[in-house]
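J.: Before we start, here is the structure in question, set down as C-alpha cells.
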2 protein chains.
Amino acid sequence: MTKNDDKKSQTNEKSVLILSGGMDSTTLLYKLVSEGKKIFALSFNYGQKHKKELKFARYNCKKLNVPHKIIDLSGLKEQGLFGKSSLTSEIDIPEGHYEEPTMKSTVVPNRNMIMLSIAISYAISIGAKTIYYGAHAGDHAVYPDCRPEFVEKMQKVAESCHYYPISINAPFLHIDKGDIVAQGLKLNVDYSKTWTCYKGQEKACGKCGSCVERLEAFEKNGISDPLQYSI
Amino acid sequence: MTKNDDKKSQTNEKSVLILSGGMDSTTLLYKLVSEGKKIFALSFNYGQKHKKELKFARYNCKKLNVPHKIIDLSGLKEQGLFGKSSLTSEIDIPEGHYEEPTMKSTVVPNRNMIMLSIAISYAISIGAKTIYYGAHAGDHAVYPDCRPEFVEKMQKVAESCHYYPISINAPFLHIDKGDIVAQGLKLNVDYSKTWTCYKGQEKACGKCGSCVERLEAFEKNGISDPLQYSI
C-alpha cells in the first residue's frame, strides 16, 4: 500500500460528528469535510430554548452533502430530567461573561455523556469507529463535561464499550472560540448560518454568556459577526 | 454524630437504580430497599421485543413504594440506531447457551452507557449521587458493557462529568445469576414477577440464551422457576 492509498483508506472511514449547529461544531464539520473525512452528523433536540440551532445544523449538512440525523431527546426534559437548567426550563438565561458562576444554570446535567453515548451507538450501527465533538477551552470554566479530564475518561470508556475500541476526538479541546473562528474563516464557513445565542429568539441577544463569547471571538479576529443581534 | 446517625444519613441519601424488570436488577432493587436505601428506579423502553419486562419493573416498584420512571428511547430504534440487534429488529433471537457467540446478535450497541448516562443526569436532577445497575458475571462473555473493565472506566468518567463525583455501583459484578437468585430468595423476591425471556411472548420460551441462563440459576439453587414456560 502506498502512502496515498493509506491516506485514502483513512479518509474513507466513516466518522460521527456531534453537530449542534453552533459555531464550534459547524467549524469542525467544515474542517473534517475539508480533510476528506466521511462524516455522519448527529444533532440533538433535548428541549433547548435555542433549538433553532438545529435548522442551521441541517442547512450546513445539506450544503456539504453530509448525512444528518436529529435525535429527539425532548422526552427526557418532559420527564423532568433536565428540569433545572436555564437552557430547558422557565429559568431565565443568565447574562454576562461566559466564565461567570451565574452561567452554571445553563448546565444540562450530563448532556455531553448522553450525546456521546448515543453517538457511539450510532457509530457502531453504521460501521464507524470515530466520534468527533466540538468541546473547546472556553467551555472548561463552566462545563465539567467539556474539560480535558472528562474527555480523556470518555476516551477510555469508549475503548471498552464494544467489541472493538471507539475513538473520541475533540480537536478544539485546547483552543478557544477566537482560534476556532480563525480556522473557520480559512474554511469559508458562513457564520451567519450558525446559531449560538441561548435565548433562541429571532435575533441573537448579544448579552447571554454564549453571545458574549461569540462576539469576543469575532473581535479577536478583527471582524464583525455576520449574525443579526437585537442590541 | 453517632454511628447510627451516620448510618441513617447514608441510607437516606437518594440513589438511582437502573431496573429492567428482569431477575438481576429486581433482586438488586429488593436488596437495596432492604438495606434502607432511598431508591429511585429508572427503566428504559428502547424498542426491545421483551418490553413486557417493564410491566414487571412497574409492579415491583409499586409493591415496594419506589418512585419509578420509564424513559422512552424507542425513537432511537426508529432512527436506525439499534437496527442490527436481534433484541430490537426482525432478526430472530438466537437459541442456545448464553455464552455462545451467536448470542452476540442480542447486543444493543452501547446500550448500557446510554442508560447509565441518562441515569446520571436523572441522579443530578433529583440530588442523588449514586447509581446502581445489575451487571453480573454471566454477562461478561457476550456483553462488553457489562464487563468489569467497562464498569471501572464508567466509574472514572462519572467522577468528572459534573461538579461533584457521581458513583456507579454494580454489586453483582462478580457473582452469577445463580448467586443472585440465592440472594433474592432470602429477600423474598417473587420471581414469577420478573421477566427474562428475550422473545417477549406470552410465556417464556425456555430456549433463548437468557432463558437458559435463568433456568440454570434456579437449578443451581435446587428449586423450580415459578415463571411459566412454553416448553
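How things are named: the first chain in the C-alpha cells is A, the next is B, and so on; residues count from 1 in each chain; ligands count from 1 in the order shown.
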Here's a check: after a least-squares fit over all in-order C-alpha atoms, write chain A in the frame of chain B, as a PDB file with C-alpha atoms, in the first residue's frame.
T.:
ATOM      1  CA  MET A   1     -22.781  12.150  65.198  1.00  0.00           C
ATOM      2  CA  THR A   2     -23.266   8.610  66.493  1.00  0.00           C
ATOM      3  CA  LYS A   3     -22.643   5.544  64.394  1.00  0.00           C
ATOM      4  CA  ASN A   4     -26.396   5.106  63.998  1.00  0.00           C
ATOM      5  CA  ASP A   5     -26.885   8.692  62.816  1.00  0.00           C
ATOM      6  CA  ASP A   6     -24.122   8.152  60.307  1.00  0.00           C
ATOM      7  CA  LYS A   7     -25.805   5.002  59.023  1.00  0.00           C
ATOM      8  CA  LYS A   8     -29.140   6.806  58.817  1.00  0.00           C
ATOM      9  CA  SER A   9     -27.727   9.710  56.813  1.00  0.00           C
ATOM     10  CA  GLN A  10     -26.127   7.256  54.409  1.00  0.00           C
ATOM     11  CA  THR A  11     -29.324   5.316  53.868  1.00  0.00           C
ATOM     12  CA  ASN A  12     -31.401   8.458  53.500  1.00  0.00           C
ATOM     13  CA  GLU A  13     -29.320   9.541  50.536  1.00  0.00           C
ATOM     14  CA  LYS A  14     -31.134   9.096  47.260  1.00  0.00           C
ATOM     15  CA  SER A  15     -29.832   6.573  44.742  1.00  0.00           C
ATOM     16  CA  VAL A  16     -30.887   5.769  41.194  1.00  0.00           C
ATOM     17  CA  LEU A  17     -31.299   2.139  40.135  1.00  0.00           C
ATOM     18  CA  ILE A  18     -31.474   1.041  36.515  1.00  0.00           C
ATOM     19  CA  LEU A  19     -34.273  -1.506  36.631  1.00  0.00           C
ATOM     20  CA  SER A  20     -35.034  -3.656  33.603  1.00  0.00           C
ATOM     21  CA  GLY A  21     -37.722  -5.768  35.230  1.00  0.00           C
ATOM     22  CA  GLY A  22     -35.524  -8.852  34.896  1.00  0.00           C
ATOM     23  CA  MET A  23     -34.241 -11.045  37.712  1.00  0.00           C
ATOM     24  CA  ASP A  24     -30.944  -9.325  38.375  1.00  0.00           C
ATOM     25  CA  SER A  25     -32.005  -5.702  38.674  1.00  0.00           C
ATOM     26  CA  THR A  26     -35.198  -6.717  40.495  1.00  0.00           C
ATOM     27  CA  THR A  27     -33.139  -8.625  43.068  1.00  0.00           C
ATOM     28  CA  LEU A  28     -30.915  -5.572  43.368  1.00  0.00           C
ATOM     29  CA  LEU A  29     -34.011  -3.418  43.934  1.00  0.00           C
ATOM     30  CA  TYR A  30     -35.114  -5.655  46.815  1.00  0.00           C
ATOM     31  CA  LYS A  31     -31.602  -5.783  48.253  1.00  0.00           C
ATOM     32  CA  LEU A  32     -31.157  -1.990  48.226  1.00  0.00           C
ATOM     33  CA  VAL A  33     -34.614  -1.350  49.668  1.00  0.00           C
ATOM     34  CA  SER A  34     -33.947  -3.935  52.395  1.00  0.00           C
ATOM     35  CA  GLU A  35     -30.779  -2.003  53.264  1.00  0.00           C
ATOM     36  CA  GLY A  36     -32.938   1.096  53.829  1.00  0.00           C
ATOM     37  CA  LYS A  37     -31.749   2.962  50.742  1.00  0.00           C
ATOM     38  CA  LYS A  38     -33.992   5.581  49.157  1.00  0.00           C
ATOM     39  CA  ILE A  39     -34.213   4.248  45.641  1.00  0.00           C
ATOM     40  CA  PHE A  40     -35.445   5.988  42.493  1.00  0.00           C
ATOM     41  CA  ALA A  41     -35.852   3.412  39.729  1.00  0.00           C
ATOM     42  CA  LEU A  42     -35.337   4.107  36.056  1.00  0.00           C
ATOM     43  CA  SER A  43     -36.415   1.741  33.290  1.00  0.00           C
ATOM     44  CA  PHE A  44     -35.967   2.059  29.542  1.00  0.00           C
ATOM     45  CA  ASN A  45     -38.131   1.291  26.556  1.00  0.00           C
ATOM     46  CA  TYR A  46     -35.558   1.040  23.777  1.00  0.00           C
ATOM     47  CA  GLY A  47     -37.806  -0.871  21.428  1.00  0.00           C
ATOM     48  CA  GLN A  48     -36.930  -4.277  22.887  1.00  0.00           C
ATOM     49  CA  LYS A  49     -39.108  -7.228  21.867  1.00  0.00           C
ATOM     50  CA  HIS A  50     -39.387  -8.156  25.523  1.00  0.00           C
ATOM     51  CA  LYS A  51     -40.737  -4.810  26.673  1.00  0.00           C
ATOM     52  CA  LYS A  52     -43.185  -6.695  28.843  1.00  0.00           C
ATOM     53  CA  GLU A  53     -40.314  -6.686  31.345  1.00  0.00           C
ATOM     54  CA  LEU A  54     -41.278  -3.053  32.011  1.00  0.00           C
ATOM     55  CA  LYS A  55     -44.636  -4.112  33.453  1.00  0.00           C
ATOM     56  CA  PHE A  56     -42.807  -6.245  35.989  1.00  0.00           C
ATOM     57  CA  ALA A  57     -40.491  -3.343  36.806  1.00  0.00           C
ATOM     58  CA  ARG A  58     -43.580  -1.209  37.402  1.00  0.00           C
ATOM     59  CA  TYR A  59     -45.181  -3.952  39.528  1.00  0.00           C
ATOM     60  CA  ASN A  60     -42.214  -4.370  41.847  1.00  0.00           C
ATOM     61  CA  CYS A  61     -41.675  -0.625  42.294  1.00  0.00           C
ATOM     62  CA  LYS A  62     -45.324  -0.190  43.206  1.00  0.00           C
ATOM     63  CA  LYS A  63     -45.086  -3.078  45.657  1.00  0.00           C
ATOM     64  CA  LEU A  64     -42.032  -1.558  47.349  1.00  0.00           C
ATOM     65  CA  ASN A  65     -43.288   2.020  47.089  1.00  0.00           C
ATOM     66  CA  VAL A  66     -40.304   3.049  44.981  1.00  0.00           C
ATOM     67  CA  PRO A  67     -40.646   6.021  42.579  1.00  0.00           C
ATOM     68  CA  HIS A  68     -40.305   4.719  39.023  1.00  0.00           C
ATOM     69  CA  LYS A  69     -39.824   6.340  35.650  1.00  0.00           C
ATOM     70  CA  ILE A  70     -39.821   4.635  32.280  1.00  0.00           C
ATOM     71  CA  ILE A  71     -37.701   6.511  29.776  1.00  0.00           C
ATOM     72  CA  ASP A  72     -38.829   6.156  26.180  1.00  0.00           C
ATOM     73  CA  LEU A  73     -35.851   5.680  23.863  1.00  0.00           C
ATOM     74  CA  SER A  74     -37.824   3.834  21.219  1.00  0.00           C
ATOM     75  CA  GLY A  75     -37.204   6.784  18.885  1.00  0.00           C
ATOM     76  CA  LEU A  76     -33.538   5.784  18.714  1.00  0.00           C
ATOM     77  CA  LYS A  77     -34.530   2.438  17.262  1.00  0.00           C
ATOM     78  CA  GLU A  78     -36.850   4.153  14.789  1.00  0.00           C
ATOM     79  CA  GLN A  79     -33.902   6.255  13.661  1.00  0.00           C
ATOM     80  CA  GLY A  80     -31.910   3.117  12.941  1.00  0.00           C
ATOM     81  CA  LEU A  81     -29.562   3.215  15.894  1.00  0.00           C
ATOM     82  CA  PHE A  82     -30.333  -0.201  17.310  1.00  0.00           C
ATOM     83  CA  GLY A  83     -31.223  -1.750  13.990  1.00  0.00           C
ATOM     84  CA  LYS A  84     -28.800  -4.649  13.924  1.00  0.00           C
ATOM     85  CA  SER A  85     -29.645  -6.178  17.288  1.00  0.00           C
ATOM     86  CA  SER A  86     -31.930  -9.211  17.423  1.00  0.00           C
ATOM     87  CA  LEU A  87     -33.479  -7.650  20.547  1.00  0.00           C
ATOM     88  CA  THR A  88     -34.872  -4.740  18.561  1.00  0.00           C
ATOM     89  CA  SER A  89     -35.223  -5.920  14.958  1.00  0.00           C
ATOM     90  CA  GLU A  90     -36.710  -8.636  12.757  1.00  0.00           C
ATOM     91  CA  ILE A  91     -33.584 -10.740  13.322  1.00  0.00           C
ATOM     92  CA  ASP A  92     -34.509 -13.932  15.203  1.00  0.00           C
ATOM     93  CA  ILE A  93     -33.491 -14.196  18.858  1.00  0.00           C
ATOM     94  CA  PRO A  94     -30.776 -16.886  18.969  1.00  0.00           C
ATOM     95  CA  GLU A  95     -31.360 -20.051  20.966  1.00  0.00           C
ATOM     96  CA  GLY A  96     -28.726 -21.961  22.924  1.00  0.00           C
ATOM     97  CA  HIS A  97     -26.293 -21.320  25.731  1.00  0.00           C
ATOM     98  CA  TYR A  98     -25.852 -17.720  26.826  1.00  0.00           C
ATOM     99  CA  GLU A  99     -22.097 -17.755  26.363  1.00  0.00           C
ATOM    100  CA  GLU A 100     -22.236 -18.913  22.739  1.00  0.00           C
ATOM    101  CA  PRO A 101     -20.981 -16.505  20.031  1.00  0.00           C
ATOM    102  CA  THR A 102     -24.439 -16.514  18.385  1.00  0.00           C
ATOM    103  CA  MET A 103     -25.648 -14.515  21.388  1.00  0.00           C
ATOM    104  CA  LYS A 104     -23.699 -11.530  20.094  1.00  0.00           C
ATOM    105  CA  SER A 105     -26.697 -10.641  17.919  1.00  0.00           C
ATOM    106  CA  THR A 106     -28.502  -9.690  21.128  1.00  0.00           C
ATOM    107  CA  VAL A 107     -26.072  -6.849  21.811  1.00  0.00           C
ATOM    108  CA  VAL A 108     -27.746  -3.435  21.591  1.00  0.00           C
ATOM    109  CA  PRO A 109     -24.782  -1.205  20.775  1.00  0.00           C
ATOM    110  CA  ASN A 110     -23.643   0.851  23.744  1.00  0.00           C
ATOM    111  CA  ARG A 111     -26.993   0.444  25.466  1.00  0.00           C
ATOM    112  CA  ASN A 112     -25.583   0.387  28.976  1.00  0.00           C
ATOM    113  CA  MET A 113     -23.556   3.575  28.531  1.00  0.00           C
ATOM    114  CA  ILE A 114     -26.667   5.310  27.197  1.00  0.00           C
ATOM    115  CA  MET A 115     -28.731   4.096  30.149  1.00  0.00           C
ATOM    116  CA  LEU A 116     -26.021   4.967  32.688  1.00  0.00           C
ATOM    117  CA  SER A 117     -25.517   8.431  31.220  1.00  0.00           C
ATOM    118  CA  ILE A 118     -29.250   9.156  31.453  1.00  0.00           C
ATOM    119  CA  ALA A 119     -29.303   7.701  34.969  1.00  0.00           C
ATOM    120  CA  ILE A 120     -26.507  10.114  35.922  1.00  0.00           C
ATOM    121  CA  SER A 121     -28.487  13.024  34.488  1.00  0.00           C
ATOM    122  CA  TYR A 122     -31.534  11.919  36.455  1.00  0.00           C
ATOM    123  CA  ALA A 123     -29.457  11.516  39.618  1.00  0.00           C
ATOM    124  CA  ILE A 124     -28.157  15.068  39.317  1.00  0.00           C
ATOM    125  CA  SER A 125     -31.708  16.331  38.715  1.00  0.00           C
ATOM    126  CA  ILE A 126     -33.039  14.778  41.929  1.00  0.00           C
ATOM    127  CA  GLY A 127     -29.968  15.400  44.079  1.00  0.00           C
ATOM    128  CA  ALA A 128     -28.724  11.802  44.084  1.00  0.00           C
ATOM    129  CA  LYS A 129     -25.060  10.925  43.818  1.00  0.00           C
ATOM    130  CA  THR A 130     -25.205   7.172  43.447  1.00  0.00           C
ATOM    131  CA  ILE A 131     -26.240   4.895  40.582  1.00  0.00           C
ATOM    132  CA  TYR A 132     -26.790   1.151  40.800  1.00  0.00           C
ATOM    133  CA  TYR A 133     -27.056  -1.312  37.952  1.00  0.00           C
ATOM    134  CA  GLY A 134     -27.344  -5.057  37.754  1.00  0.00           C
ATOM    135  CA  ALA A 135     -24.413  -6.136  35.554  1.00  0.00           C
ATOM    136  CA  HIS A 136     -23.233  -9.590  36.646  1.00  0.00           C
ATOM    137  CA  ALA A 137     -20.565 -12.164  35.845  1.00  0.00           C
ATOM    138  CA  GLY A 138     -22.801 -14.209  33.522  1.00  0.00           C
ATOM    139  CA  ASP A 139     -22.941 -11.229  31.142  1.00  0.00           C
ATOM    140  CA  HIS A 140     -19.188 -10.829  30.754  1.00  0.00           C
ATOM    141  CA  ALA A 141     -18.669 -13.311  27.928  1.00  0.00           C
ATOM    142  CA  VAL A 142     -21.100 -11.696  25.504  1.00  0.00           C
ATOM    143  CA  TYR A 143     -21.704  -8.103  26.621  1.00  0.00           C
ATOM    144  CA  PRO A 144     -18.704  -5.744  26.681  1.00  0.00           C
ATOM    145  CA  ASP A 145     -20.743  -3.131  28.559  1.00  0.00           C
ATOM    146  CA  CYS A 146     -21.230  -5.476  31.517  1.00  0.00           C
ATOM    147  CA  ARG A 147     -17.540  -6.313  32.004  1.00  0.00           C
ATOM    148  CA  PRO A 148     -15.531  -5.096  35.008  1.00  0.00           C
ATOM    149  CA  GLU A 149     -13.232  -3.092  32.700  1.00  0.00           C
ATOM    150  CA  PHE A 150     -16.198  -1.137  31.325  1.00  0.00           C
ATOM    151  CA  VAL A 151     -17.719  -0.589  34.764  1.00  0.00           C
ATOM    152  CA  GLU A 152     -14.398   0.667  36.177  1.00  0.00           C
ATOM    153  CA  LYS A 153     -13.995   3.149  33.327  1.00  0.00           C
ATOM    154  CA  MET A 154     -17.605   4.323  33.661  1.00  0.00           C
ATOM    155  CA  GLN A 155     -16.922   4.875  37.343  1.00  0.00           C
ATOM    156  CA  LYS A 156     -13.954   7.050  36.432  1.00  0.00           C
ATOM    157  CA  VAL A 157     -15.810   9.212  33.926  1.00  0.00           C
ATOM    158  CA  ALA A 158     -18.772   9.577  36.282  1.00  0.00           C
ATOM    159  CA  GLU A 159     -16.384  11.188  38.748  1.00  0.00           C
ATOM    160  CA  SER A 160     -15.736  14.026  36.294  1.00  0.00           C
ATOM    161  CA  CYS A 161     -18.967  14.628  34.413  1.00  0.00           C
ATOM    162  CA  HIS A 162     -20.441  17.138  36.876  1.00  0.00           C
ATOM    163  CA  TYR A 163     -19.369  19.515  39.668  1.00  0.00           C
ATOM    164  CA  TYR A 164     -19.217  16.643  42.130  1.00  0.00           C
ATOM    165  CA  PRO A 165     -18.486  12.950  41.573  1.00  0.00           C
ATOM    166  CA  ILE A 166     -21.277  10.521  40.788  1.00  0.00           C
ATOM    167  CA  SER A 167     -20.711   6.971  41.962  1.00  0.00           C
ATOM    168  CA  ILE A 168     -21.603   3.952  39.809  1.00  0.00           C
ATOM    169  CA  ASN A 169     -22.105   0.639  41.562  1.00  0.00           C
ATOM    170  CA  ALA A 170     -22.646  -2.841  40.194  1.00  0.00           C
ATOM    171  CA  PRO A 171     -22.873  -5.001  43.341  1.00  0.00           C
ATOM    172  CA  PHE A 172     -23.437  -8.223  41.343  1.00  0.00           C
ATOM    173  CA  LEU A 173     -20.489  -7.677  39.008  1.00  0.00           C
ATOM    174  CA  HIS A 174     -18.523 -10.668  40.268  1.00  0.00           C
ATOM    175  CA  ILE A 175     -21.337 -13.121  41.012  1.00  0.00           C
ATOM    176  CA  ASP A 176     -23.537 -15.071  38.611  1.00  0.00           C
ATOM    177  CA  LYS A 177     -27.290 -15.408  38.184  1.00  0.00           C
ATOM    178  CA  GLY A 178     -27.372 -18.467  40.472  1.00  0.00           C
ATOM    179  CA  ASP A 179     -25.829 -16.442  43.299  1.00  0.00           C
ATOM    180  CA  ILE A 180     -28.270 -13.615  42.581  1.00  0.00           C
ATOM    181  CA  VAL A 181     -31.263 -15.956  42.877  1.00  0.00           C
ATOM    182  CA  ALA A 182     -29.821 -17.231  46.167  1.00  0.00           C
ATOM    183  CA  GLN A 183     -29.774 -13.667  47.490  1.00  0.00           C
ATOM    184  CA  GLY A 184     -33.239 -12.912  46.092  1.00  0.00           C
ATOM    185  CA  LEU A 185     -34.815 -15.934  47.721  1.00  0.00           C
ATOM    186  CA  LYS A 186     -33.624 -14.679  51.111  1.00  0.00           C
ATOM    187  CA  LEU A 187     -35.186 -11.304  50.274  1.00  0.00           C
ATOM    188  CA  ASN A 188     -38.487 -12.958  49.311  1.00  0.00           C
ATOM    189  CA  VAL A 189     -38.346 -11.772  45.712  1.00  0.00           C
ATOM    190  CA  ASP A 190     -41.295 -13.226  43.811  1.00  0.00           C
ATOM    191  CA  TYR A 191     -39.545 -14.342  40.627  1.00  0.00           C
ATOM    192  CA  SER A 192     -42.856 -15.039  38.924  1.00  0.00           C
ATOM    193  CA  LYS A 193     -42.993 -11.222  38.721  1.00  0.00           C
ATOM    194  CA  THR A 194     -39.734 -10.821  36.814  1.00  0.00           C
ATOM    195  CA  TRP A 195     -39.204 -11.241  33.092  1.00  0.00           C
ATOM    196  CA  THR A 196     -36.085 -12.579  31.400  1.00  0.00           C
ATOM    197  CA  CYS A 197     -36.990 -14.133  28.030  1.00  0.00           C
ATOM    198  CA  TYR A 198     -35.767 -12.088  25.078  1.00  0.00           C
ATOM    199  CA  LYS A 199     -38.658 -13.207  22.884  1.00  0.00           C
ATOM    200  CA  GLY A 200     -41.245 -11.381  24.984  1.00  0.00           C
ATOM    201  CA  GLN A 201     -44.102 -13.733  24.131  1.00  0.00           C
ATOM    202  CA  GLU A 202     -46.908 -14.766  26.451  1.00  0.00           C
ATOM    203  CA  LYS A 203     -44.832 -17.487  28.078  1.00  0.00           C
ATOM    204  CA  ALA A 204     -41.044 -17.591  28.352  1.00  0.00           C
ATOM    205  CA  CYS A 205     -39.502 -19.636  25.526  1.00  0.00           C
ATOM    206  CA  GLY A 206     -37.002 -21.549  27.673  1.00  0.00           C
ATOM    207  CA  LYS A 207     -34.614 -21.759  24.718  1.00  0.00           C
ATOM    208  CA  CYS A 208     -33.019 -18.347  24.243  1.00  0.00           C
ATOM    209  CA  GLY A 209     -29.703 -17.683  25.997  1.00  0.00           C
ATOM    210  CA  SER A 210     -31.416 -15.520  28.542  1.00  0.00           C
ATOM    211  CA  CYS A 211     -33.961 -18.235  29.476  1.00  0.00           C
ATOM    212  CA  VAL A 212     -31.242 -20.920  29.556  1.00  0.00           C
ATOM    213  CA  GLU A 213     -29.194 -18.857  32.018  1.00  0.00           C
ATOM    214  CA  ARG A 214     -32.264 -18.185  34.166  1.00  0.00           C
ATOM    215  CA  LEU A 215     -33.234 -21.860  34.278  1.00  0.00           C
ATOM    216  CA  GLU A 216     -29.665 -22.793  35.220  1.00  0.00           C
ATOM    217  CA  ALA A 217     -29.754 -20.238  38.037  1.00  0.00           C
ATOM    218  CA  PHE A 218     -32.833 -21.859  39.582  1.00  0.00           C
ATOM    219  CA  GLU A 219     -31.413 -25.335  39.065  1.00  0.00           C
ATOM    220  CA  LYS A 220     -28.249 -24.245  40.882  1.00  0.00           C
ATOM    221  CA  ASN A 221     -30.469 -23.325  43.840  1.00  0.00           C
ATOM    222  CA  GLY A 222     -32.324 -26.633  43.666  1.00  0.00           C
ATOM    223  CA  ILE A 223     -35.725 -25.080  43.022  1.00  0.00           C
ATOM    224  CA  SER A 224     -38.105 -24.577  40.102  1.00  0.00           C
ATOM    225  CA  ASP A 225     -38.563 -21.264  38.382  1.00  0.00           C
ATOM    226  CA  PRO A 226     -42.102 -20.048  39.205  1.00  0.00           C
ATOM    227  CA  LEU A 227     -42.431 -18.473  35.741  1.00  0.00           C
ATOM    228  CA  GLN A 228     -44.474 -20.231  33.051  1.00  0.00           C
ATOM    229  CA  TYR A 229     -42.551 -21.600  30.080  1.00  0.00           C
ATOM    230  CA  SER A 230     -43.823 -22.748  26.697  1.00  0.00           C
ATOM    231  CA  ILE A 231     -41.513 -25.811  26.744  1.00  0.00           C
TER     232      ILE A 231
END
J.: I need the residues in range 52-92 of chain A that are strand (DSSP E) according to DSSP; give them as number ranges by chain.
T.: A: 68-72
J.: Run DSSP on the backbone of this structure and report the residues of range 14-230 of chain A it assigns to alpha helix (DSSP H), as a PyMOL selection string.
T.: chain A and resi 23-34+53-64+74-78+111-126+148-158+177-186+209-220
